[in-house]
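Shown next, in structure tokens, is the structure this report addresses.
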2 protein chains.
Amino acid sequence: MSPVTIKDIARALNLSTSTVSRALRDSSEMNPETKKMVLDYAQKVNYSPNPMAVSLRASKSKAIGLILPEIANAFFSQLINGIEDVAYAHGYHVVISQSHETYEREVNNLNYLSSRRVDGILVSLSSLTTDLHPFHALMDQGMPFVFVDRVPQQGQVHKITSDNFEASYNATKHLIELGKKRIAHLTSPRYLSITTERLAGYKKALLDYDLTFKEELVKYFHYGGAVAQENEKTIHGLLDQVQPPDALLAASERLTMASLEILHKRNMRIPEEMALVGFTNNAVAGLLNPPLTAVVQPAYQMGEQAAKLLIELIESPQKVNEFQNLILPSLLDIRSSTIGSKPFIS
Amino acid sequence: MSPVTIKDIARALNLSTSTVSRALRDSSEMNPETKKMVLDYAQKVNYSPNPMAVSLRASKSKAIGLILPEIANAFFSQLINGIEDVAYAHGYHVVISQSHETYEREVNNLNYLSSRRVDGILVSLSSLTTDLHPFHALMDQGMPFVFVDRVPQQGQVHKITSDNFEASYNATKHLIELGKKRIAHLTSPRYLSITTERLAGYKKALLDYDLTFKEELVKYFHYGGAVAQENEKTIHGLLDQVQPPDALLAASERLTMASLEILHKRNMRIPEEMALVGFTNNAVAGLLNPPLTAVVQPAYQMGEQAAKLLIELIESPQKVNEFQNLILPSLLDIRSSTIGSKPFIS
DNA sequence: TTGTAGGCGTTATCAG
DNA sequence: CTGATAACGCCTACAA
């Protein structure tokens, strides 16, 4: 009924628990026949070691913590996918927690995970995080950390990101080459790394193509698009400016969809009146009205790499003696919301 | 550096570990002053109990396992959301694993979770699962189980589902009332509960409105829509029949999107030539081309209820002496893919 | 009211 | 080559 233990096996085979343990750990310093006997019996009774006992003994939980803004989002769920696959393959399980884009919950989760004694933590920062002290406090205590996608702007940490500068540069360039002159950029709060990098790519493209950067065409969304009211107010405000934009570059899933929705409501012709490029990993971008030109981040691969690095950090910290900073390329999927082969009629 | 233990506190305060333990557990059988002293000190040094030790002692892991087909899917990620929130609030963490719609990986995950000594398991079955023996074997050993959404067709188990019959009935009725006569149903393999129930709702609506059920208008997808090749072959086949349908009712996220994509490719007018209703929790259903009439399941609530029930089962099994079978209502979001207020031009 | 001792399951060290 | 012992951190009879 209750799980078989080493003690049970020892009793059944008239051996000591140490011998059984040795056999199970496949030690070479023992009689091969004894070993075989133990292994066979263990197999027969379907023995599997109690992970809590192993963990207690080794002071390792074989668990990694994950803190991210939200789960129900194409980018993050693909990211989890990559993380889970790698973690699982290495015998780790993943404890997921969501910050819901608030700093308070993020710190709560951090405390929860450390009290859970996870062996390492993966983080994608909330849009409201400015103070990294709680993270550094844990790092100083030796907890391995890897940041993914939304990483700290400064400080020595391990990070896995996608090439936000390049992605944003290419998206902007694409719009410019289509003749757009007043390209607006809708993005997350300033203090996020992704914001800075995407903004920089956007600016550089303008510069390279002799368009002047206009501050009034950049809108920062405090909640990164998570609050519908803020989205509507700001986007309508942008479109109602005296000199409205002729194209939008939205820097997040939610901002992209909010923009599209508002363009629909205003019955604007896309891309003639207003072109739209958005960062999104949603699989149905091509089925939207109109099919959406999208910046697609390599979410699954980012998850894989992040988990891989974290597990290396956990298992052989000395091997990784420099701070890693891996940058994976994004894709620009060009569709009708910019090239407009199919007219959108509302 | 290393975490504070009860022993550390005992030493610092010149007490025995049992006294410290008692204070921490807020025992009444002790000197209030001693208790206060311990509590204050524990607070000061930021003591938190080692969960592995607690788990080993109590033989409870405070973890629940979750097996589902995939994470990167709007329905399942919302489901996880609900589960996580409830679990977290009760001090449990969730170990997620994906079957990727195969039976083999599902059984692997089951074994992994039980070797991990999770306190209970939540399952949404893969589309290929027919043999429930591995589940029942574990149940017989006392492992609490709750099934969600894709639940076993027979056998005494706890289940949380949405009202598939009603949802499907209403969707079909909606199509009939719009004048559709040849409504096709695209669905998962026959042995899934959701398939049977959705098929039954579909049939009943036809019956109630004097339309005859035609076997050739029902298509079962072995992989539940996960394999693009099967999707295309089957859907094109359906549309190429001598008497093609005039409406589609797709019973899963992937089948819905695959259908829409193929209708696009064939330049069909939706809903005039072909109406489409699909089961999907994708937030952007309203931004699709055309905006999609969707059956939306209460994924978050299903997750909450499932986690709540499982935790009850774990913590007070005697309280739940009957098999629960909770059925939550779905929503039908009616949009242009059926009522066609906005023409779709390709 | 507090302390001692033993055990949860495992493994490493040290004897034999 | 095998066995006894102790320890990981916590809790709880039982003893004082």
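Note on naming: chains are A, B, ... as they come in the structure tokens, residues start from 1 per chain, ligands start from 1 in the order shown.
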
Val296 (chain A): which residues within 9 Å, counting only C-alpha atoms (C1' of nucleotides), same-chain residues fewer than 5 positions away excluded, as a list in words?
-> Phe75, Ala167, Gly278, Phe279, Thr280, Asn281, Asn282, Ser330, Leu331, Leu332 and Asp333 of chain A

Taking all heavy atoms for each residue, export the selection above as a tab-separated table (two decimals), in the first residue's frame.
chain	number	residue	atom	x	y	z
A	75	PHE	N	3.21	34.21	-25.65
A	75	PHE	CA	4.65	34.24	-25.48
A	75	PHE	C	5.07	33.47	-24.23
A	75	PHE	O	5.93	32.58	-24.28
A	75	PHE	CB	5.18	35.68	-25.40
A	75	PHE	CG	6.64	35.74	-25.05
A	75	PHE	CD1	7.61	35.46	-26.00
A	75	PHE	CD2	7.04	36.06	-23.76
A	75	PHE	CE1	8.96	35.51	-25.68
A	75	PHE	CE2	8.39	36.11	-23.42
A	75	PHE	CZ	9.34	35.83	-24.38
A	167	ALA	N	14.90	43.50	-33.86
A	167	ALA	CA	13.50	43.24	-34.21
A	167	ALA	C	12.76	44.55	-34.43
A	167	ALA	O	12.01	44.72	-35.40
A	167	ALA	CB	12.82	42.42	-33.11
A	278	GLY	N	2.98	44.43	-34.79
A	278	GLY	CA	2.95	44.18	-33.36
A	278	GLY	C	3.83	43.03	-32.94
A	278	GLY	O	4.01	42.07	-33.70
A	279	PHE	N	4.37	43.14	-31.74
A	279	PHE	CA	5.07	42.00	-31.14
A	279	PHE	C	4.00	41.04	-30.64
A	279	PHE	O	3.19	41.40	-29.79
A	279	PHE	CB	5.91	42.46	-29.94
A	279	PHE	CG	7.24	43.04	-30.31
A	279	PHE	CD1	7.33	44.28	-30.93
A	279	PHE	CD2	8.41	42.36	-30.01
A	279	PHE	CE1	8.57	44.83	-31.26
A	279	PHE	CE2	9.66	42.91	-30.34
A	279	PHE	CZ	9.73	44.15	-30.97
A	280	THR	N	3.96	39.85	-31.16
A	280	THR	CA	3.01	38.86	-30.65
A	280	THR	C	3.43	37.45	-31.06
A	280	THR	O	3.95	37.25	-32.16
A	280	THR	CB	1.58	39.11	-31.14
A	280	THR	OG1	0.73	38.03	-30.73
A	280	THR	CG2	1.51	39.21	-32.65
A	281	ASN	N	3.20	36.51	-30.18
A	281	ASN	CA	3.45	35.11	-30.50
A	281	ASN	C	2.16	34.34	-30.72
A	281	ASN	O	2.17	33.12	-30.82
A	281	ASN	CB	4.24	34.44	-29.37
A	281	ASN	CG	5.72	34.70	-29.50
A	281	ASN	OD1	6.14	35.84	-29.63
A	281	ASN	ND2	6.52	33.64	-29.49
A	282	ASN	N	1.06	35.08	-30.78
A	282	ASN	CA	-0.22	34.40	-30.98
A	282	ASN	C	-0.23	33.68	-32.32
A	282	ASN	O	0.07	34.26	-33.36
A	282	ASN	CB	-1.35	35.43	-30.92
A	282	ASN	CG	-2.68	34.78	-30.66
A	282	ASN	OD1	-3.06	33.83	-31.34
A	282	ASN	ND2	-3.40	35.27	-29.66
A	330	SER	N	14.69	37.36	-33.40
A	330	SER	CA	13.23	37.30	-33.61
A	330	SER	C	12.94	37.22	-35.09
A	330	SER	O	13.84	37.41	-35.92
A	330	SER	CB	12.56	38.53	-33.01
A	330	SER	OG	12.51	38.46	-31.63
A	331	LEU	N	11.68	36.99	-35.40
A	331	LEU	CA	11.27	36.90	-36.80
A	331	LEU	C	10.27	38.02	-37.10
A	331	LEU	O	9.46	38.37	-36.24
A	331	LEU	CB	10.52	35.59	-36.98
A	331	LEU	CG	11.04	34.61	-38.02
A	331	LEU	CD1	12.47	34.24	-37.70
A	331	LEU	CD2	10.15	33.36	-38.00
A	332	LEU	N	10.32	38.55	-38.30
A	332	LEU	CA	9.27	39.48	-38.71
A	332	LEU	C	8.40	38.79	-39.74
A	332	LEU	O	8.85	38.51	-40.85
A	332	LEU	CB	9.90	40.77	-39.29
A	332	LEU	CG	8.92	41.85	-39.71
A	332	LEU	CD1	8.15	42.39	-38.51
A	332	LEU	CD2	9.63	42.99	-40.43
A	333	ASP	N	7.17	38.49	-39.34
A	333	ASP	CA	6.24	37.84	-40.28
A	333	ASP	C	5.43	38.94	-40.96
A	333	ASP	O	4.57	39.55	-40.35
A	333	ASP	CB	5.28	36.92	-39.52
A	333	ASP	CG	5.88	35.54	-39.29
A	333	ASP	OD1	6.97	35.28	-39.83
A	333	ASP	OD2	5.25	34.75	-38.58

**OP:** Find the residues near region 3-9 of chain C: any atom within 9 Å, counting only C-alpha atoms (C1' of nucleotides), skip ones fewer than 3 places away on the same chain, and give them as a ChimeraX atom specification.
**Re:** /A:5-7,49-54 /B:15-19,53,55-59 /D:14-16

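The space separating CA of Leu39 (chain A) from CA of Ala10 (chain A) comes to 11.6 Å.
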
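Within 10 Å of region 30-32 of chain B, once only C-alpha atoms (C1' of nucleotides) are used and residues closer than 5 positions along the same chain are dropped, the contacting residues are Thr19, Arg22, Ala23, Met37 and Val38 of chain B; DT1 and DT2 of chain C.
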
Prev. selection, C-alpha atoms (C1' of nucleotides), output as a PDB file, in the first residue's frame:
ATOM      1  CA  THR B  19      10.509  24.000  22.807  1.00  0.00           C
ATOM      2  CA  ARG B  22       6.346  24.052  19.966  1.00  0.00           C
ATOM      3  CA  ALA B  23       6.556  27.828  19.975  1.00  0.00           C
ATOM      4  CA  MET B  37      10.807  35.168  22.699  1.00  0.00           C
ATOM      5  CA  VAL B  38      11.113  32.364  20.158  1.00  0.00           C
TER       6      VAL B  38
ATOM      7  C1'  DT C   1       6.569  24.045  31.295  1.00  0.00           C
ATOM      8  C1'  DT C   2      10.592  22.081  29.176  1.00  0.00           C
TER       9       DT C   2
END

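For the pair CA of His236 (chain B) and CA of Ile262 (chain B), the interatomic distance is 7.6 Å.
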
Output as a short mmCIF file (atom, residue, chain, number, x, y, z; two decimals) with N, CA and C atoms (P, O5', C5', C4', C3', O3' and C1' of nucleotides), in the first residue's frame the set of chain D residues within 10 Å of chain A, with distances taken over only C-alpha atoms (C1' of nucleotides).
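The file below, selection_7.cif, is the result:
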data_model
loop_
_atom_site.label_atom_id
_atom_site.label_comp_id
_atom_site.auth_asym_id
_atom_site.auth_seq_id
_atom_site.Cartn_x
_atom_site.Cartn_y
_atom_site.Cartn_z
P DC D 1 34.37 -7.15 -4.28
"O5'" DC D 1 33.60 -7.16 -2.88
"C5'" DC D 1 32.81 -8.29 -2.58
"C4'" DC D 1 32.30 -8.11 -1.19
"C3'" DC D 1 30.97 -7.35 -1.10
"O3'" DC D 1 30.03 -8.26 -0.54
"C1'" DC D 1 32.51 -6.65 0.57
P DT D 2 28.51 -7.94 -0.50
"O5'" DT D 2 28.36 -7.42 1.00
"C5'" DT D 2 28.54 -8.35 2.07
"C4'" DT D 2 28.47 -7.59 3.36
"C3'" DT D 2 27.16 -6.84 3.59
"O3'" DT D 2 26.55 -7.45 4.72
"C1'" DT D 2 29.04 -5.53 4.18
P DG D 3 25.08 -6.99 5.17
"O5'" DG D 3 25.44 -6.18 6.49
"C5'" DG D 3 26.33 -6.79 7.41
"C4'" DG D 3 26.61 -5.82 8.55
"C3'" DG D 3 25.38 -5.06 9.03
"O3'" DG D 3 25.40 -5.05 10.45
"C1'" DG D 3 27.09 -3.53 8.38
P DA D 4 24.17 -4.54 11.27
"O5'" DA D 4 24.83 -3.29 12.00
"C5'" DA D 4 25.98 -3.48 12.80
"C4'" DA D 4 26.53 -2.12 13.23
"C3'" DA D 4 25.50 -1.22 13.92
"O3'" DA D 4 26.16 -0.61 15.02
"C1'" DA D 4 26.43 -0.11 12.04
P DA D 7 25.97 13.02 14.29
"O5'" DA D 7 25.35 13.81 13.06
"C5'" DA D 7 26.06 13.90 11.83
"C4'" DA D 7 25.07 14.11 10.72
"C3'" DA D 7 23.94 15.09 11.10
"O3'" DA D 7 24.00 16.24 10.27
"C1'" DA D 7 23.11 13.14 10.01
P DC D 8 23.16 17.54 10.74
"O5'" DC D 8 22.36 17.96 9.45
"C5'" DC D 8 22.81 17.77 8.12
"C4'" DC D 8 21.61 17.62 7.23
"C3'" DC D 8 20.37 18.34 7.76
"O3'" DC D 8 20.29 19.66 7.20
"C1'" DC D 8 19.85 16.13 6.95
P DG D 9 20.09 20.92 8.14
"O5'" DG D 9 18.56 20.81 8.55
"C5'" DG D 9 17.57 21.07 7.56
"C4'" DG D 9 16.21 20.84 8.17
"C3'" DG D 9 15.94 21.64 9.45
"O3'" DG D 9 14.73 22.34 9.25
"C1'" DG D 9 15.44 19.36 9.79
#

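In this structure, CA of Ser97 (chain B) sits 14.6 Å away from CA of Ile71 (chain A).
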
_Secondary structure check, strand (DSSP E or B) residues of region 17-163 of chain B, as number ranges by chain_ = B: 63-68, 93-98, 120-123, 145-148, 159-162
